[in-house]
Amino acid sequence: MIKLGVIKTGEQIIAKVEEMILEDKVVGYFFIRPCIVNTSEPVISKGEDGDAKGASFDIRLSPWIPLGKGTRFPVPLDWIVTFIDPVDELHQMYTRDILQETEETQEQTVVLTDECEDC
């Protein structure tokens with residue numbers, strides 16, 4: 001399941017999330033391909049009458065731990081403030097730009113290993 005989480009540091013992290021279970025108890029979560037969600041300052045759009053009509057902002061995803069090996073990171077339960085479902089646009093962006101990129105890379109790697117003559 002893809003969730004938007006807030007951790008103790010205040011960072012908003014989007015990731016595929018799996019429970020970390022020890023002796024039938026959830027003790028934390030695994031964040032798979034976690035990204036920090038950064039947003040620009042909102043731009044308020046106003047209607048003809050001058051009242052606020054809506055707001056928009058840019059979203060940027062950056063790796064949570066860019067120098068870490070692997071794609072699966074354990075996070076203790078006491079570091080999680082909350083989990084929520086991300087808005088549709090963020091969910092689609094994460095799925096398209098982060099998860100599908102990984103699947104395509106893995107597929108390409110599998111294709112390359114099939115060319116091995118000694119396999």
# chains A, B, ... in the order shown; residues from 1 in each chain; ligands from 1
call {"tool": "select_by_dssp", "arguments": {"residues": "stretch 14-100 of chain A", "states": "alpha helix (DSSP H)", "output": "list in words"}}
result
Asp88, Glu89, Leu90, His91, Gln92, Met93, Tyr94 and Gln100 of chain A
call {"tool": "write_last_selection", "arguments": {"atoms": "N, CA and C atoms", "output": "PDB file, in the first residue's frame"}}
result
ATOM      1  N   ASP A  88      -4.733  11.957  -5.041  1.00  0.00           N
ATOM      2  CA  ASP A  88      -4.595  11.170  -6.272  1.00  0.00           C
ATOM      3  C   ASP A  88      -3.402  11.609  -7.121  1.00  0.00           C
ATOM      4  N   GLU A  89      -3.203  12.916  -7.256  1.00  0.00           N
ATOM      5  CA  GLU A  89      -2.118  13.430  -8.096  1.00  0.00           C
ATOM      6  C   GLU A  89      -0.746  12.983  -7.569  1.00  0.00           C
ATOM      7  N   LEU A  90      -0.571  13.031  -6.257  1.00  0.00           N
ATOM      8  CA  LEU A  90       0.693  12.605  -5.654  1.00  0.00           C
ATOM      9  C   LEU A  90       0.877  11.097  -5.804  1.00  0.00           C
ATOM     10  N   HIS A  91      -0.176  10.347  -5.584  1.00  0.00           N
ATOM     11  CA  HIS A  91      -0.127   8.886  -5.732  1.00  0.00           C
ATOM     12  C   HIS A  91       0.287   8.520  -7.158  1.00  0.00           C
ATOM     13  N   GLN A  92      -0.325   9.165  -8.150  1.00  0.00           N
ATOM     14  CA  GLN A  92       0.000   8.887  -9.553  1.00  0.00           C
ATOM     15  C   GLN A  92       1.434   9.279  -9.877  1.00  0.00           C
ATOM     16  N   MET A  93       1.861  10.424  -9.378  1.00  0.00           N
ATOM     17  CA  MET A  93       3.233  10.894  -9.622  1.00  0.00           C
ATOM     18  C   MET A  93       4.245   9.897  -9.056  1.00  0.00           C
ATOM     19  N   TYR A  94       4.027   9.451  -7.819  1.00  0.00           N
ATOM     20  CA  TYR A  94       4.928   8.498  -7.168  1.00  0.00           C
ATOM     21  C   TYR A  94       4.932   7.163  -7.929  1.00  0.00           C
ATOM     22  N   GLN A 100       7.256   2.681 -11.198  1.00  0.00           N
ATOM     23  CA  GLN A 100       7.329   2.122 -12.549  1.00  0.00           C
ATOM     24  C   GLN A 100       8.735   2.190 -13.105  1.00  0.00           C
TER      25      GLN A 100
END
call {"tool": "residues_around", "arguments": {"residues": "A:Thr82", "least_positions_apart": "5", "cutoff": "8 Å", "atoms": "only C-alpha atoms", "output": "VMD selection string"}}
result
chain A and resid 5 to 7
call {"tool": "select_by_dssp", "arguments": {"residues": "stretch 22-100 of chain A", "states": "strand (DSSP E)", "output": "PyMOL selection string"}}
result
chain A and resi 22+25-39+43-46+52-56+59-63+72-76+80-84
call {"tool": "write_last_selection", "arguments": {"atoms": "C-alpha atoms", "output": "mmCIF file, in the first residue's frame"}}
result
data_model
loop_
_atom_site.group_PDB
_atom_site.id
_atom_site.type_symbol
_atom_site.label_atom_id
_atom_site.label_comp_id
_atom_site.auth_asym_id
_atom_site.auth_seq_id
_atom_site.Cartn_x
_atom_site.Cartn_y
_atom_site.Cartn_z
ATOM 1 C CA LEU A 22 7.849 -9.283 15.614
ATOM 2 C CA LYS A 25 3.039 -7.346 17.013
ATOM 3 C CA VAL A 26 3.662 -4.435 14.634
ATOM 4 C CA VAL A 27 6.969 -2.886 15.756
ATOM 5 C CA GLY A 28 7.565 -0.643 12.761
ATOM 6 C CA TYR A 29 7.238 -0.337 9.037
ATOM 7 C CA PHE A 30 9.373 -0.949 5.987
ATOM 8 C CA PHE A 31 9.441 2.025 3.617
ATOM 9 C CA ILE A 32 10.036 0.826 0.062
ATOM 10 C CA ARG A 33 11.449 3.433 -2.351
ATOM 11 C CA PRO A 34 10.731 6.272 0.124
ATOM 12 C CA CYS A 35 10.746 9.868 -1.111
ATOM 13 C CA ILE A 36 10.525 13.170 0.711
ATOM 14 C CA VAL A 37 7.612 15.262 -0.530
ATOM 15 C CA ASN A 38 8.597 18.903 -0.957
ATOM 16 C CA THR A 39 6.104 21.570 -1.951
ATOM 17 C CA VAL A 43 -0.021 30.392 -5.246
ATOM 18 C CA ILE A 44 -3.476 31.729 -4.387
ATOM 19 C CA SER A 45 -5.767 32.337 -7.331
ATOM 20 C CA LYS A 46 -8.522 34.889 -6.901
ATOM 21 C CA ALA A 52 -9.635 33.405 -2.898
ATOM 22 C CA LYS A 53 -10.707 30.826 -5.462
ATOM 23 C CA GLY A 54 -8.094 28.174 -4.872
ATOM 24 C CA ALA A 55 -4.426 27.461 -4.381
ATOM 25 C CA SER A 56 -1.812 25.544 -6.343
ATOM 26 C CA ILE A 59 5.438 19.036 -5.801
ATOM 27 C CA ARG A 60 8.955 17.628 -5.912
ATOM 28 C CA LEU A 61 9.985 14.129 -4.817
ATOM 29 C CA SER A 62 13.512 13.449 -3.641
ATOM 30 C CA PRO A 63 15.043 10.252 -2.211
ATOM 31 C CA ARG A 72 13.714 -1.048 1.655
ATOM 32 C CA PHE A 73 14.287 0.884 4.875
ATOM 33 C CA PRO A 74 13.068 -0.121 8.363
ATOM 34 C CA VAL A 75 11.407 2.616 10.448
ATOM 35 C CA PRO A 76 10.587 1.974 14.129
ATOM 36 C CA ILE A 80 5.873 7.388 12.832
ATOM 37 C CA VAL A 81 3.577 10.309 13.647
ATOM 38 C CA THR A 82 0.810 9.382 11.191
ATOM 39 C CA PHE A 83 -0.054 7.736 7.878
ATOM 40 C CA ILE A 84 -2.656 9.000 5.430
#
call {"tool": "decode", "arguments": {"residues": "stretch 3-32 of chain A", "atoms": "N, CA and C atoms", "output": "short mmCIF file (atom, residue, chain, number, x, y, z; two decimals), in the first residue's frame"}}
result
data_model
loop_
_atom_site.label_atom_id
_atom_site.label_comp_id
_atom_site.auth_asym_id
_atom_site.auth_seq_id
_atom_site.Cartn_x
_atom_site.Cartn_y
_atom_site.Cartn_z
N LYS A 3 1.48 5.00 1.03
CA LYS A 3 1.01 5.91 2.07
C LYS A 3 1.89 7.15 2.11
N LEU A 4 1.29 8.23 2.59
CA LEU A 4 2.02 9.45 2.89
C LEU A 4 2.14 9.48 4.40
N GLY A 5 3.37 9.48 4.88
CA GLY A 5 3.60 9.45 6.32
C GLY A 5 4.33 10.69 6.79
N VAL A 6 4.09 11.03 8.03
CA VAL A 6 4.84 12.08 8.69
C VAL A 6 5.65 11.40 9.78
N ILE A 7 6.96 11.69 9.81
CA ILE A 7 7.81 11.11 10.85
C ILE A 7 8.20 12.18 11.87
N LYS A 8 8.84 11.77 12.94
CA LYS A 8 9.18 12.68 14.04
C LYS A 8 9.87 13.97 13.62
N THR A 9 10.67 13.90 12.58
CA THR A 9 11.41 15.09 12.14
C THR A 9 10.51 16.10 11.43
N GLY A 10 9.27 15.69 11.14
CA GLY A 10 8.34 16.55 10.43
C GLY A 10 8.34 16.31 8.93
N GLU A 11 9.24 15.48 8.45
CA GLU A 11 9.31 15.20 7.01
C GLU A 11 8.06 14.42 6.58
N GLN A 12 7.58 14.76 5.39
CA GLN A 12 6.49 14.01 4.78
C GLN A 12 7.13 13.03 3.80
N ILE A 13 6.87 11.76 4.02
CA ILE A 13 7.48 10.70 3.21
C ILE A 13 6.38 9.93 2.51
N ILE A 14 6.54 9.76 1.19
CA ILE A 14 5.65 8.87 0.45
C ILE A 14 6.43 7.61 0.14
N ALA A 15 5.77 6.46 0.36
CA ALA A 15 6.46 5.19 0.13
C ALA A 15 5.44 4.07 0.03
N LYS A 16 5.88 2.99 -0.56
CA LYS A 16 5.13 1.75 -0.45
C LYS A 16 5.47 1.24 0.96
N VAL A 17 4.47 0.87 1.73
CA VAL A 17 4.67 0.57 3.15
C VAL A 17 4.28 -0.88 3.45
N GLU A 18 5.13 -1.56 4.23
CA GLU A 18 4.85 -2.91 4.71
C GLU A 18 5.06 -2.94 6.21
N GLU A 19 4.24 -3.70 6.91
CA GLU A 19 4.38 -3.81 8.36
C GLU A 19 5.63 -4.62 8.72
N MET A 20 6.29 -4.21 9.79
CA MET A 20 7.41 -4.95 10.36
C MET A 20 6.85 -5.64 11.61
N ILE A 21 6.74 -6.96 11.56
CA ILE A 21 6.08 -7.70 12.64
C ILE A 21 7.10 -8.55 13.40
N LEU A 22 7.00 -8.48 14.73
CA LEU A 22 7.85 -9.28 15.61
C LEU A 22 6.94 -9.88 16.68
N GLU A 23 6.90 -11.19 16.75
CA GLU A 23 6.05 -11.90 17.71
C GLU A 23 4.61 -11.43 17.64
N ASP A 24 4.04 -11.41 16.45
CA ASP A 24 2.65 -11.05 16.18
C ASP A 24 2.30 -9.62 16.57
N LYS A 25 3.29 -8.75 16.65
CA LYS A 25 3.04 -7.35 17.01
C LYS A 25 3.75 -6.44 16.01
N VAL A 26 3.05 -5.40 15.55
CA VAL A 26 3.66 -4.43 14.63
C VAL A 26 4.64 -3.59 15.44
N VAL A 27 5.93 -3.63 15.04
CA VAL A 27 6.97 -2.89 15.76
C VAL A 27 7.54 -1.75 14.90
N GLY A 28 7.08 -1.68 13.66
CA GLY A 28 7.57 -0.64 12.76
C GLY A 28 7.05 -0.92 11.36
N TYR A 29 7.64 -0.19 10.43
CA TYR A 29 7.24 -0.34 9.04
C TYR A 29 8.47 -0.34 8.15
N PHE A 30 8.36 -1.03 7.03
CA PHE A 30 9.37 -0.95 5.99
C PHE A 30 8.89 0.07 4.96
N PHE A 31 9.72 1.07 4.68
CA PHE A 31 9.44 2.02 3.62
C PHE A 31 10.17 1.54 2.38
N ILE A 32 9.44 1.30 1.31
CA ILE A 32 10.04 0.83 0.06
C ILE A 32 10.04 1.99 -0.93
#
